[in-house]
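Raw contents of target_14.txt, compact mmCIF, N, CA and C atoms:
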```txt
# COMPACT_ATOMS: atom_id res chain seq x y z
N MET A 17 -17.27 18.15 11.50
CA MET A 17 -16.25 17.29 10.95
C MET A 17 -16.14 17.53 9.45
N ALA A 18 -14.92 17.57 8.95
CA ALA A 18 -14.64 17.77 7.53
C ALA A 18 -14.21 16.45 6.90
N VAL A 19 -14.49 16.32 5.60
CA VAL A 19 -14.07 15.14 4.83
C VAL A 19 -13.40 15.62 3.55
N PHE A 20 -12.28 15.01 3.23
CA PHE A 20 -11.53 15.35 2.02
C PHE A 20 -11.13 14.04 1.36
N GLN A 21 -11.29 13.95 0.04
CA GLN A 21 -10.93 12.71 -0.65
C GLN A 21 -10.16 13.03 -1.92
N LYS A 22 -9.14 12.22 -2.17
CA LYS A 22 -8.32 12.42 -3.36
C LYS A 22 -7.74 11.08 -3.81
N ALA A 23 -7.67 10.89 -5.13
CA ALA A 23 -7.04 9.69 -5.69
C ALA A 23 -5.55 9.96 -5.89
N LEU A 24 -4.77 8.94 -5.64
CA LEU A 24 -3.32 9.01 -5.82
C LEU A 24 -2.94 7.91 -6.82
N GLN A 25 -2.30 8.30 -7.90
CA GLN A 25 -1.85 7.36 -8.93
C GLN A 25 -0.39 6.99 -8.65
N VAL A 26 -0.09 5.70 -8.68
CA VAL A 26 1.27 5.23 -8.44
C VAL A 26 1.62 4.25 -9.56
N ILE A 27 2.76 4.47 -10.19
CA ILE A 27 3.27 3.52 -11.18
C ILE A 27 4.32 2.68 -10.48
N THR A 28 4.10 1.37 -10.46
CA THR A 28 5.04 0.48 -9.80
C THR A 28 6.01 -0.09 -10.84
N PRO A 29 7.24 -0.40 -10.42
CA PRO A 29 8.20 -0.97 -11.36
C PRO A 29 8.06 -2.49 -11.52
N GLY A 30 7.09 -3.08 -10.85
CA GLY A 30 6.95 -4.53 -10.79
C GLY A 30 7.05 -4.93 -9.33
N ARG A 31 7.15 -6.20 -9.09
CA ARG A 31 7.12 -6.75 -7.72
C ARG A 31 8.15 -6.05 -6.83
N SER A 32 7.64 -5.24 -5.91
CA SER A 32 8.47 -4.46 -5.01
C SER A 32 7.57 -3.61 -4.12
N THR A 33 8.20 -2.80 -3.28
CA THR A 33 7.45 -1.84 -2.48
C THR A 33 7.79 -0.43 -2.96
N THR A 34 6.77 0.42 -2.97
CA THR A 34 6.93 1.81 -3.37
C THR A 34 6.48 2.70 -2.22
N ALA A 35 7.36 3.57 -1.75
CA ALA A 35 7.02 4.48 -0.65
C ALA A 35 5.96 5.47 -1.12
N VAL A 36 4.93 5.65 -0.30
CA VAL A 36 3.88 6.64 -0.59
C VAL A 36 3.67 7.59 0.59
N THR A 37 4.53 7.51 1.59
CA THR A 37 4.38 8.33 2.79
C THR A 37 4.34 9.82 2.47
N ALA A 38 5.28 10.31 1.70
CA ALA A 38 5.35 11.74 1.40
C ALA A 38 4.08 12.21 0.68
N GLU A 39 3.58 11.41 -0.25
CA GLU A 39 2.37 11.77 -0.98
C GLU A 39 1.16 11.81 -0.04
N LEU A 40 1.08 10.85 0.88
CA LEU A 40 -0.02 10.85 1.85
C LEU A 40 0.07 12.07 2.77
N GLN A 41 1.27 12.39 3.23
CA GLN A 41 1.44 13.56 4.09
C GLN A 41 1.01 14.83 3.35
N GLU A 42 1.30 14.91 2.06
CA GLU A 42 0.91 16.08 1.27
C GLU A 42 -0.61 16.15 1.14
N ILE A 43 -1.27 15.02 0.93
CA ILE A 43 -2.73 15.00 0.82
C ILE A 43 -3.36 15.44 2.14
N VAL A 44 -2.83 14.94 3.25
CA VAL A 44 -3.36 15.36 4.56
C VAL A 44 -3.16 16.86 4.75
N ARG A 45 -1.98 17.37 4.40
CA ARG A 45 -1.73 18.82 4.50
C ARG A 45 -2.73 19.59 3.65
N GLU A 46 -2.93 19.12 2.41
CA GLU A 46 -3.87 19.77 1.49
C GLU A 46 -5.30 19.77 2.03
N SER A 47 -5.66 18.74 2.78
CA SER A 47 -7.01 18.63 3.32
C SER A 47 -7.32 19.69 4.36
N GLY A 48 -6.30 20.18 5.03
CA GLY A 48 -6.50 21.16 6.09
C GLY A 48 -6.94 20.55 7.41
N ILE A 49 -7.12 19.25 7.44
CA ILE A 49 -7.57 18.56 8.66
C ILE A 49 -6.39 18.45 9.62
N ARG A 50 -6.62 18.86 10.85
CA ARG A 50 -5.56 18.87 11.87
C ARG A 50 -5.57 17.62 12.74
N THR A 51 -6.76 17.11 13.06
CA THR A 51 -6.90 15.93 13.92
C THR A 51 -7.97 15.02 13.33
N GLY A 52 -7.63 13.74 13.13
CA GLY A 52 -8.61 12.82 12.57
C GLY A 52 -7.98 11.53 12.09
N ILE A 53 -8.45 11.06 10.94
CA ILE A 53 -8.02 9.78 10.38
C ILE A 53 -7.75 9.96 8.89
N CYS A 54 -6.67 9.33 8.44
CA CYS A 54 -6.37 9.23 7.01
C CYS A 54 -6.58 7.77 6.62
N GLN A 55 -7.56 7.52 5.79
CA GLN A 55 -7.86 6.16 5.36
C GLN A 55 -7.37 6.02 3.92
N VAL A 56 -6.61 4.95 3.66
CA VAL A 56 -6.02 4.71 2.34
C VAL A 56 -6.50 3.35 1.86
N PHE A 57 -6.99 3.29 0.62
CA PHE A 57 -7.51 2.05 0.04
C PHE A 57 -6.90 1.85 -1.33
N VAL A 58 -6.33 0.67 -1.58
CA VAL A 58 -5.79 0.35 -2.91
C VAL A 58 -6.91 -0.32 -3.71
N GLN A 59 -7.20 0.24 -4.88
CA GLN A 59 -8.33 -0.22 -5.69
C GLN A 59 -7.92 -1.31 -6.68
N HIS A 60 -7.19 -2.30 -6.19
CA HIS A 60 -6.71 -3.39 -7.03
C HIS A 60 -6.67 -4.68 -6.22
N THR A 61 -6.69 -5.82 -6.89
CA THR A 61 -6.70 -7.12 -6.20
C THR A 61 -5.36 -7.84 -6.26
N SER A 62 -4.33 -7.17 -6.74
CA SER A 62 -3.01 -7.80 -6.79
C SER A 62 -1.91 -6.87 -6.29
N ALA A 63 -2.29 -5.97 -5.40
CA ALA A 63 -1.35 -5.08 -4.72
C ALA A 63 -1.92 -4.83 -3.34
N SER A 64 -1.07 -4.39 -2.41
CA SER A 64 -1.55 -4.14 -1.05
C SER A 64 -0.81 -2.96 -0.44
N LEU A 65 -1.20 -2.65 0.78
CA LEU A 65 -0.61 -1.54 1.53
C LEU A 65 0.02 -2.07 2.80
N MET A 66 1.06 -1.38 3.27
CA MET A 66 1.64 -1.76 4.56
C MET A 66 2.33 -0.58 5.21
N VAL A 67 2.32 -0.61 6.54
CA VAL A 67 3.16 0.27 7.34
C VAL A 67 4.36 -0.59 7.71
N CYS A 68 5.54 -0.08 7.43
CA CYS A 68 6.74 -0.90 7.59
C CYS A 68 7.93 -0.04 7.97
N GLU A 69 8.98 -0.70 8.40
CA GLU A 69 10.28 -0.09 8.67
C GLU A 69 10.68 0.79 7.49
N ASN A 70 11.09 2.03 7.77
CA ASN A 70 11.45 2.93 6.68
C ASN A 70 12.94 3.25 6.61
N ALA A 71 13.74 2.74 7.53
CA ALA A 71 15.16 3.08 7.56
C ALA A 71 16.03 2.09 6.79
N ASP A 72 15.69 0.82 6.86
CA ASP A 72 16.52 -0.21 6.24
C ASP A 72 15.71 -0.94 5.17
N PRO A 73 16.02 -0.74 3.88
CA PRO A 73 15.27 -1.39 2.81
C PRO A 73 15.39 -2.92 2.84
N ASP A 74 16.38 -3.45 3.57
CA ASP A 74 16.49 -4.91 3.69
C ASP A 74 15.24 -5.52 4.30
N VAL A 75 14.56 -4.78 5.17
CA VAL A 75 13.34 -5.29 5.80
C VAL A 75 12.29 -5.60 4.73
N ARG A 76 12.08 -4.67 3.81
CA ARG A 76 11.08 -4.89 2.75
C ARG A 76 11.53 -5.97 1.78
N GLU A 77 12.82 -6.05 1.49
CA GLU A 77 13.32 -7.12 0.63
C GLU A 77 13.16 -8.48 1.30
N ASP A 78 13.40 -8.54 2.61
CA ASP A 78 13.18 -9.79 3.35
C ASP A 78 11.71 -10.20 3.34
N LEU A 79 10.82 -9.22 3.47
CA LEU A 79 9.38 -9.53 3.40
C LEU A 79 9.02 -10.09 2.03
N GLU A 80 9.60 -9.53 0.98
CA GLU A 80 9.33 -10.04 -0.37
C GLU A 80 9.86 -11.46 -0.52
N ARG A 81 11.05 -11.74 -0.01
CA ARG A 81 11.59 -13.10 -0.09
C ARG A 81 10.72 -14.08 0.70
N PHE A 82 10.25 -13.66 1.86
CA PHE A 82 9.36 -14.51 2.65
C PHE A 82 8.07 -14.80 1.87
N MET A 83 7.50 -13.76 1.26
CA MET A 83 6.26 -13.95 0.51
C MET A 83 6.49 -14.85 -0.70
N GLN A 84 7.64 -14.74 -1.35
CA GLN A 84 7.95 -15.62 -2.49
C GLN A 84 8.02 -17.07 -2.05
N ARG A 85 8.53 -17.31 -0.87
CA ARG A 85 8.58 -18.68 -0.34
C ARG A 85 7.18 -19.17 0.04
N LEU A 86 6.38 -18.27 0.62
CA LEU A 86 5.04 -18.64 1.08
C LEU A 86 4.08 -18.88 -0.09
N VAL A 87 4.15 -18.01 -1.10
CA VAL A 87 3.23 -18.07 -2.25
C VAL A 87 4.06 -17.96 -3.54
N PRO A 88 4.67 -19.06 -3.99
CA PRO A 88 5.52 -19.00 -5.17
C PRO A 88 4.73 -18.88 -6.47
N ASP A 89 5.31 -18.19 -7.43
CA ASP A 89 4.72 -18.11 -8.76
C ASP A 89 4.70 -19.50 -9.39
N GLY A 90 3.67 -19.74 -10.20
CA GLY A 90 3.60 -20.98 -10.96
C GLY A 90 3.23 -22.22 -10.16
N ASP A 91 2.78 -22.05 -8.94
CA ASP A 91 2.39 -23.20 -8.11
C ASP A 91 1.27 -23.98 -8.80
N ALA A 92 1.43 -25.27 -8.95
CA ALA A 92 0.44 -26.12 -9.63
C ALA A 92 -0.89 -26.18 -8.89
N LEU A 93 -0.93 -25.73 -7.66
CA LEU A 93 -2.17 -25.68 -6.88
C LEU A 93 -3.21 -24.78 -7.53
N PHE A 94 -2.77 -23.72 -8.21
CA PHE A 94 -3.68 -22.68 -8.68
C PHE A 94 -4.26 -22.97 -10.06
N LEU A 95 -5.58 -22.80 -10.19
CA LEU A 95 -6.27 -22.92 -11.47
C LEU A 95 -6.26 -21.60 -12.24
N HIS A 96 -6.36 -20.48 -11.51
CA HIS A 96 -6.46 -19.15 -12.11
C HIS A 96 -5.07 -18.67 -12.56
N THR A 97 -4.82 -18.80 -13.87
CA THR A 97 -3.53 -18.37 -14.43
C THR A 97 -3.75 -17.52 -15.67
N ALA A 98 -4.91 -16.87 -15.76
CA ALA A 98 -5.30 -16.13 -16.96
C ALA A 98 -4.26 -15.11 -17.41
N GLU A 99 -3.55 -14.50 -16.48
CA GLU A 99 -2.59 -13.47 -16.83
C GLU A 99 -1.15 -13.89 -16.53
N GLY A 100 -0.92 -15.19 -16.40
CA GLY A 100 0.44 -15.67 -16.20
C GLY A 100 0.65 -16.33 -14.85
N PRO A 101 1.85 -16.85 -14.63
CA PRO A 101 2.14 -17.62 -13.42
C PRO A 101 2.17 -16.79 -12.14
N ASP A 102 2.25 -15.45 -12.26
CA ASP A 102 2.22 -14.60 -11.06
C ASP A 102 0.82 -14.09 -10.74
N ASP A 103 -0.18 -14.44 -11.55
CA ASP A 103 -1.54 -13.92 -11.41
C ASP A 103 -2.19 -14.34 -10.09
N MET A 104 -2.41 -15.62 -9.89
CA MET A 104 -3.06 -16.07 -8.66
C MET A 104 -2.19 -15.84 -7.43
N PRO A 105 -0.88 -16.06 -7.49
CA PRO A 105 -0.07 -15.74 -6.32
C PRO A 105 -0.22 -14.27 -5.89
N ALA A 106 -0.35 -13.36 -6.85
CA ALA A 106 -0.54 -11.95 -6.51
C ALA A 106 -1.86 -11.74 -5.77
N HIS A 107 -2.90 -12.44 -6.19
CA HIS A 107 -4.20 -12.34 -5.49
C HIS A 107 -4.08 -12.88 -4.07
N VAL A 108 -3.42 -14.01 -3.91
CA VAL A 108 -3.26 -14.60 -2.56
C VAL A 108 -2.47 -13.64 -1.68
N ARG A 109 -1.40 -13.08 -2.20
CA ARG A 109 -0.58 -12.15 -1.43
C ARG A 109 -1.39 -10.94 -0.96
N SER A 110 -2.24 -10.42 -1.85
CA SER A 110 -3.03 -9.25 -1.47
C SER A 110 -4.07 -9.60 -0.40
N VAL A 111 -4.61 -10.82 -0.46
CA VAL A 111 -5.58 -11.24 0.57
C VAL A 111 -4.89 -11.45 1.92
N LEU A 112 -3.65 -11.92 1.90
CA LEU A 112 -2.91 -12.15 3.14
C LEU A 112 -2.40 -10.86 3.78
N THR A 113 -2.37 -9.79 3.02
CA THR A 113 -1.87 -8.52 3.53
C THR A 113 -3.04 -7.57 3.73
N GLN A 114 -2.94 -6.31 3.33
CA GLN A 114 -4.00 -5.34 3.58
C GLN A 114 -4.33 -4.53 2.34
N SER A 115 -5.61 -4.33 2.10
CA SER A 115 -6.02 -3.47 1.00
C SER A 115 -6.33 -2.05 1.49
N ALA A 116 -6.40 -1.87 2.81
CA ALA A 116 -6.70 -0.55 3.38
C ALA A 116 -5.92 -0.34 4.67
N LEU A 117 -5.60 0.93 4.93
CA LEU A 117 -4.94 1.33 6.17
C LEU A 117 -5.68 2.53 6.74
N SER A 118 -5.75 2.60 8.05
CA SER A 118 -6.25 3.79 8.74
C SER A 118 -5.11 4.34 9.58
N LEU A 119 -4.76 5.59 9.34
CA LEU A 119 -3.65 6.22 10.03
C LEU A 119 -4.17 7.42 10.82
N PRO A 120 -3.72 7.58 12.05
CA PRO A 120 -4.16 8.76 12.81
C PRO A 120 -3.56 10.03 12.22
N VAL A 121 -4.35 11.09 12.25
CA VAL A 121 -3.86 12.41 11.84
C VAL A 121 -3.77 13.25 13.10
N SER A 122 -2.60 13.82 13.33
CA SER A 122 -2.35 14.66 14.49
C SER A 122 -1.51 15.86 14.04
N GLU A 123 -1.93 17.04 14.44
CA GLU A 123 -1.22 18.27 14.08
C GLU A 123 -1.03 18.40 12.56
N GLY A 124 -2.06 17.96 11.81
CA GLY A 124 -2.07 18.15 10.37
C GLY A 124 -1.21 17.20 9.56
N ARG A 125 -0.83 16.05 10.17
CA ARG A 125 -0.03 15.07 9.43
C ARG A 125 -0.31 13.67 9.95
N CYS A 126 0.00 12.67 9.13
CA CYS A 126 -0.14 11.28 9.58
C CYS A 126 0.84 11.08 10.73
N ALA A 127 0.33 10.56 11.85
CA ALA A 127 1.14 10.43 13.06
C ALA A 127 1.87 9.08 13.06
N LEU A 128 2.81 8.96 12.15
CA LEU A 128 3.61 7.74 12.05
C LEU A 128 4.77 7.82 13.04
N GLY A 129 5.23 6.64 13.47
CA GLY A 129 6.40 6.58 14.33
C GLY A 129 7.66 6.91 13.54
N THR A 130 8.74 7.16 14.25
CA THR A 130 10.01 7.56 13.66
C THR A 130 10.46 6.63 12.55
N TRP A 131 10.30 5.33 12.75
CA TRP A 131 10.83 4.34 11.81
C TRP A 131 9.74 3.72 10.94
N GLN A 132 8.59 4.39 10.83
CA GLN A 132 7.48 3.85 10.04
C GLN A 132 7.31 4.62 8.74
N GLY A 133 7.01 3.88 7.69
CA GLY A 133 6.66 4.45 6.40
C GLY A 133 5.49 3.67 5.83
N VAL A 134 4.77 4.27 4.91
CA VAL A 134 3.65 3.62 4.24
C VAL A 134 4.11 3.24 2.84
N TYR A 135 3.82 2.00 2.46
CA TYR A 135 4.27 1.45 1.19
C TYR A 135 3.14 0.78 0.44
N LEU A 136 3.15 0.97 -0.87
CA LEU A 136 2.31 0.17 -1.77
C LEU A 136 3.16 -1.03 -2.15
N TRP A 137 2.62 -2.22 -1.94
CA TRP A 137 3.35 -3.46 -2.21
C TRP A 137 2.77 -4.07 -3.48
N GLU A 138 3.52 -4.00 -4.55
CA GLU A 138 3.12 -4.58 -5.84
C GLU A 138 3.41 -6.07 -5.80
N HIS A 139 2.38 -6.88 -6.09
CA HIS A 139 2.54 -8.33 -6.06
C HIS A 139 2.67 -8.96 -7.44
N ARG A 140 2.52 -8.16 -8.50
CA ARG A 140 2.70 -8.68 -9.85
C ARG A 140 4.14 -8.45 -10.29
N ALA A 141 4.62 -9.30 -11.22
CA ALA A 141 6.00 -9.22 -11.67
C ALA A 141 6.26 -7.98 -12.54
N GLY A 142 5.28 -7.56 -13.30
CA GLY A 142 5.46 -6.42 -14.20
C GLY A 142 4.98 -5.11 -13.62
N SER A 143 5.34 -4.04 -14.29
CA SER A 143 4.94 -2.69 -13.91
C SER A 143 3.42 -2.52 -14.05
N HIS A 144 2.83 -1.78 -13.10
CA HIS A 144 1.39 -1.51 -13.15
C HIS A 144 1.10 -0.08 -12.71
N HIS A 145 -0.01 0.45 -13.20
CA HIS A 145 -0.54 1.73 -12.72
C HIS A 145 -1.52 1.38 -11.62
N ARG A 146 -1.29 1.89 -10.42
CA ARG A 146 -2.16 1.59 -9.28
C ARG A 146 -2.82 2.88 -8.80
N ARG A 147 -4.03 2.72 -8.31
CA ARG A 147 -4.80 3.86 -7.80
C ARG A 147 -5.09 3.65 -6.33
N LEU A 148 -4.73 4.64 -5.53
CA LEU A 148 -5.05 4.64 -4.11
C LEU A 148 -6.10 5.72 -3.88
N LEU A 149 -7.13 5.38 -3.13
CA LEU A 149 -8.14 6.37 -2.76
C LEU A 149 -7.86 6.77 -1.32
N VAL A 150 -7.60 8.06 -1.12
CA VAL A 150 -7.22 8.57 0.20
C VAL A 150 -8.36 9.45 0.71
N THR A 151 -8.87 9.11 1.89
CA THR A 151 -9.95 9.88 2.52
C THR A 151 -9.45 10.36 3.87
N VAL A 152 -9.54 11.67 4.08
CA VAL A 152 -9.11 12.26 5.34
C VAL A 152 -10.36 12.83 6.02
N LEU A 153 -10.61 12.40 7.27
CA LEU A 153 -11.76 12.84 8.04
C LEU A 153 -11.29 13.43 9.35
N GLY A 154 -11.92 14.48 9.78
CA GLY A 154 -11.57 15.03 11.07
C GLY A 154 -11.90 16.48 11.22
N ASP A 155 -11.23 17.09 12.19
CA ASP A 155 -11.46 18.49 12.52
C ASP A 155 -10.41 19.39 11.89
N LEU A 156 -10.88 20.53 11.41
CA LEU A 156 -9.97 21.51 10.80
C LEU A 156 -9.22 22.27 11.88
```
Let me see the file written as C-alpha cells.
Amino acid sequence: MAVFQKALQVITPGRSTTAVTAELQEIVRESGIRTGICQVFVQHTSASLMVCENADPDVREDLERFMQRLVPDGDALFLHTAEGPDDMPAHVRSVLTQSALSLPVSEGRCALGTWQGVYLWEHRAGSHHRRLLVTVLGDL
C-alpha cells in the first residue's frame, strides 16, 4: 500500500462555499494511487468540508441561508465573541458539519457521483487562508 500526503491552500472570499474538487482530483492523480481512499481534513475550527450538489449553486446558497437561520451571528447566547459576532457561530457551524471527508479512489480519481462536488465551506464573514491536508492511501 502507498501513502501520499499534500497540503492544499485555499483563500476564501468570506462566508461561502469554494469548490476544491478539481484540486483534489489533481492531488489524487499526482499520487499515482489507482484504488484506495482520499482523506481530506480542514485544519481550522471555523470552516468545514462537504460533498454537495455541483450543478446548481442555489443548493449551496440555500444551505448557507439555512445555516444563517440556525446559527445567526451576534446571538446573545454566545459568550465567545473575541473575534466578532461571527466568531462563535462559525465554530458552531463547523461542529455541526464536517472537518474531514473520506472519498473512494477508483481508476486514479475520486469516485464522485455525476452531481457531486467537494466544497470548503467558510463560516466566517471575512476572507481567510485555509489549509486542507489531503492524504491518499491505496494501491498503485
Worksheet item: Mind pulling up the distance from atom N of Gly154 of chain A to atom CA of Leu24 of chain A?
Response: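 Between atom CA of Leu24 of chain A and atom N of Gly154 of chain A the gap is 18.6 Å.
Proximity ranking of A:His60, A:Arg76, A:Arg31, A:Arg81 relative to His139 of chain A places A:Arg31 first, based on only N, CA and C atoms.
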Discussion item. Considering only C-alpha atoms, can you say which of A:Arg85, A:Ser64, A:Ile43, A:Thr37 comes closest to Lys22 of chain A?
Written reply: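 The answer is A:Ile43, which sits nearest to Lys22 of chain A.
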Please determine an axis-aligned box that encloses all atoms of segment 23-39 of chain A listed in the file, with 3 Å added on each side, and express its centre and edge lengths in Å to one decimal as lines of an AutoDock Vina configuration file.
```
center_x = 0.4
center_y = 2.7
center_z = -4.4
size_x = 22.1
size_y = 25.0
size_z = 20.3
```
Practice prompt. Taking the DSSP assignment computed from this structure's backbone, write out as a PyMOL selection string all residues of chain A that belong to alpha helix (DSSP H).
Written response: chain A and resi 37-47+73-86+103-112
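The space between atom CA of Thr113 of chain A and atom N of Gly30 of chain A spans 17.8 Å.
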Worksheet item: Looking at only C-alpha atoms, which of A:Cys126, A:Ala116, A:Val26, A:Leu79 is the one that sits closest to Phe57 of chain A?
Response: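 The shortest atom-to-atom distance to Phe57 of chain A comes from A:Ala116.
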Worksheet item: Can you tell me how far atom C of Ala23 of chain A sits from atom C of Ser122 of chain A, in Å to one decimal?
Response: 21.2 Å
Closest-contact table, segment 48-95 of chain A side, partner segment 38-41 of chain A, 10 Å, counting only C-alpha atoms, as a tab-separated table:
```
residue	atom	partner	partner_atom	distance
A:Cys54	CA	A:Leu40	CA	8.3
A:Gln55	CA	A:Leu40	CA	9.8
A:Val56	CA	A:Leu40	CA	8.6
```
File of the preceding selection, N, CA and C atoms, as a CSV table (one decimal), keeping the file's coordinate frame:
```
chain,number,residue,atom,x,y,z
A,54,CYS,N,-6.7,9.3,8.4
A,54,CYS,CA,-6.4,9.2,7.0
A,54,CYS,C,-6.6,7.8,6.6
A,55,GLN,N,-7.6,7.5,5.8
A,55,GLN,CA,-7.9,6.2,5.4
A,55,GLN,C,-7.4,6.0,3.9
A,56,VAL,N,-6.6,5.0,3.7
A,56,VAL,CA,-6.0,4.7,2.3
A,56,VAL,C,-6.5,3.4,1.9
```
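Distance check against Asp103 of chain A using all atoms listed in the file: of A:Leu117, A:Val150, A:Ala141, A:Ile53, the minimum falls on A:Ala141.
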Worksheet entry | A:Val58, A:Leu148, A:Ile49, A:Ala35 ranked by distance to Phe20 of chain A, top pick (using only N, CA and C atoms) |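 Selected residue with least distance to Phe20 of chain A: A:Ile49.
Distances to Arg125 of chain A were evaluated for A:Gln25, A:Thr33, A:Ser62, A:Thr51 using only N, CA and C atoms, and the minimum falls at A:Thr51.
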Worksheet entry | Residues of segment 28-148 of chain A in strand (DSSP E), written as a VMD selection string | chain A and resid 28 32 to 35 51 to 58 63 to 69 116 to 122 125 to 126 132 to 138 144 to 148
Practice prompt. Give me the residues within 5 Å of Leu153 of chain A as an MDAnalysis selection string, counting all atoms listed in the file and dropping any in the same chain fewer than 6 places off.
Written response: chainID A and resid 18:19 52:53
Just N, CA and C atoms for this one: save the residues we selected as a PDB file, keeping the file's coordinate frame.
```
ATOM      1  N   ALA A  18     -14.920  17.570   8.950  1.00  0.00           N
ATOM      2  CA  ALA A  18     -14.640  17.770   7.530  1.00  0.00           C
ATOM      3  C   ALA A  18     -14.210  16.450   6.900  1.00  0.00           C
ATOM      4  N   VAL A  19     -14.490  16.320   5.600  1.00  0.00           N
ATOM      5  CA  VAL A  19     -14.070  15.140   4.830  1.00  0.00           C
ATOM      6  C   VAL A  19     -13.400  15.620   3.550  1.00  0.00           C
ATOM      7  N   GLY A  52      -7.630  13.740  13.130  1.00  0.00           N
ATOM      8  CA  GLY A  52      -8.610  12.820  12.570  1.00  0.00           C
ATOM      9  C   GLY A  52      -7.980  11.530  12.090  1.00  0.00           C
ATOM     10  N   ILE A  53      -8.450  11.060  10.940  1.00  0.00           N
ATOM     11  CA  ILE A  53      -8.020   9.780  10.380  1.00  0.00           C
ATOM     12  C   ILE A  53      -7.750   9.960   8.890  1.00  0.00           C
TER      13      ILE A  53
END
```
Worksheet item: Using only N, CA and C atoms, which residues sit within 6 Å of Thr61 of chain A once same-chain residues fewer than 5 positions away are excluded, as a ChimeraX atom specification?
Response: /A:106-107,110
Residues within 7 Å of (3.7, -2.5, -7.5), file coords, all atoms listed in the file, listed as a PDB file with N, CA and C atoms, in the coordinates of the input:
```pdb
ATOM      1  N   ILE A  27       2.760   4.470 -10.190  1.00  0.00           N
ATOM      2  CA  ILE A  27       3.270   3.520 -11.180  1.00  0.00           C
ATOM      3  C   ILE A  27       4.320   2.680 -10.480  1.00  0.00           C
ATOM      4  N   THR A  28       4.100   1.370 -10.460  1.00  0.00           N
ATOM      5  CA  THR A  28       5.040   0.480  -9.800  1.00  0.00           C
ATOM      6  C   THR A  28       6.010  -0.090 -10.840  1.00  0.00           C
ATOM      7  N   PRO A  29       7.240  -0.400 -10.420  1.00  0.00           N
ATOM      8  CA  PRO A  29       8.200  -0.970 -11.360  1.00  0.00           C
ATOM      9  C   PRO A  29       8.060  -2.490 -11.520  1.00  0.00           C
ATOM     10  N   GLY A  30       7.090  -3.080 -10.850  1.00  0.00           N
ATOM     11  CA  GLY A  30       6.950  -4.530 -10.790  1.00  0.00           C
ATOM     12  C   GLY A  30       7.050  -4.930  -9.330  1.00  0.00           C
ATOM     13  N   ARG A  31       7.150  -6.200  -9.090  1.00  0.00           N
ATOM     14  CA  ARG A  31       7.120  -6.750  -7.720  1.00  0.00           C
ATOM     15  C   ARG A  31       8.150  -6.050  -6.830  1.00  0.00           C
ATOM     16  N   SER A  32       7.640  -5.240  -5.910  1.00  0.00           N
ATOM     17  CA  SER A  32       8.470  -4.460  -5.010  1.00  0.00           C
ATOM     18  C   SER A  32       7.570  -3.610  -4.120  1.00  0.00           C
ATOM     19  N   THR A  33       8.200  -2.800  -3.280  1.00  0.00           N
ATOM     20  CA  THR A  33       7.450  -1.840  -2.480  1.00  0.00           C
ATOM     21  C   THR A  33       7.790  -0.430  -2.960  1.00  0.00           C
ATOM     22  N   THR A  34       6.770   0.420  -2.970  1.00  0.00           N
ATOM     23  CA  THR A  34       6.930   1.810  -3.370  1.00  0.00           C
ATOM     24  C   THR A  34       6.480   2.700  -2.220  1.00  0.00           C
ATOM     25  N   ALA A  63      -2.290  -5.970  -5.400  1.00  0.00           N
ATOM     26  CA  ALA A  63      -1.350  -5.080  -4.720  1.00  0.00           C
ATOM     27  C   ALA A  63      -1.920  -4.830  -3.340  1.00  0.00           C
ATOM     28  N   LEU A 136       3.150   0.970  -0.870  1.00  0.00           N
ATOM     29  CA  LEU A 136       2.310   0.170  -1.770  1.00  0.00           C
ATOM     30  C   LEU A 136       3.160  -1.030  -2.150  1.00  0.00           C
ATOM     31  N   TRP A 137       2.620  -2.220  -1.940  1.00  0.00           N
ATOM     32  CA  TRP A 137       3.350  -3.460  -2.210  1.00  0.00           C
ATOM     33  C   TRP A 137       2.770  -4.070  -3.480  1.00  0.00           C
ATOM     34  N   GLU A 138       3.520  -4.000  -4.550  1.00  0.00           N
ATOM     35  CA  GLU A 138       3.120  -4.580  -5.840  1.00  0.00           C
ATOM     36  C   GLU A 138       3.410  -6.070  -5.800  1.00  0.00           C
ATOM     37  N   HIS A 139       2.380  -6.880  -6.090  1.00  0.00           N
ATOM     38  CA  HIS A 139       2.540  -8.330  -6.060  1.00  0.00           C
ATOM     39  C   HIS A 139       2.670  -8.960  -7.440  1.00  0.00           C
ATOM     40  N   ARG A 140       2.520  -8.160  -8.500  1.00  0.00           N
ATOM     41  CA  ARG A 140       2.700  -8.680  -9.850  1.00  0.00           C
ATOM     42  C   ARG A 140       4.140  -8.450 -10.290  1.00  0.00           C
ATOM     43  N   GLY A 142       5.280  -7.560 -13.300  1.00  0.00           N
ATOM     44  CA  GLY A 142       5.460  -6.420 -14.200  1.00  0.00           C
ATOM     45  C   GLY A 142       4.980  -5.110 -13.620  1.00  0.00           C
ATOM     46  N   SER A 143       5.340  -4.040 -14.290  1.00  0.00           N
ATOM     47  CA  SER A 143       4.940  -2.690 -13.910  1.00  0.00           C
ATOM     48  C   SER A 143       3.420  -2.520 -14.050  1.00  0.00           C
ATOM     49  N   HIS A 144       2.830  -1.780 -13.100  1.00  0.00           N
ATOM     50  CA  HIS A 144       1.390  -1.510 -13.150  1.00  0.00           C
ATOM     51  C   HIS A 144       1.100  -0.080 -12.710  1.00  0.00           C
TER      52      HIS A 144
END
```
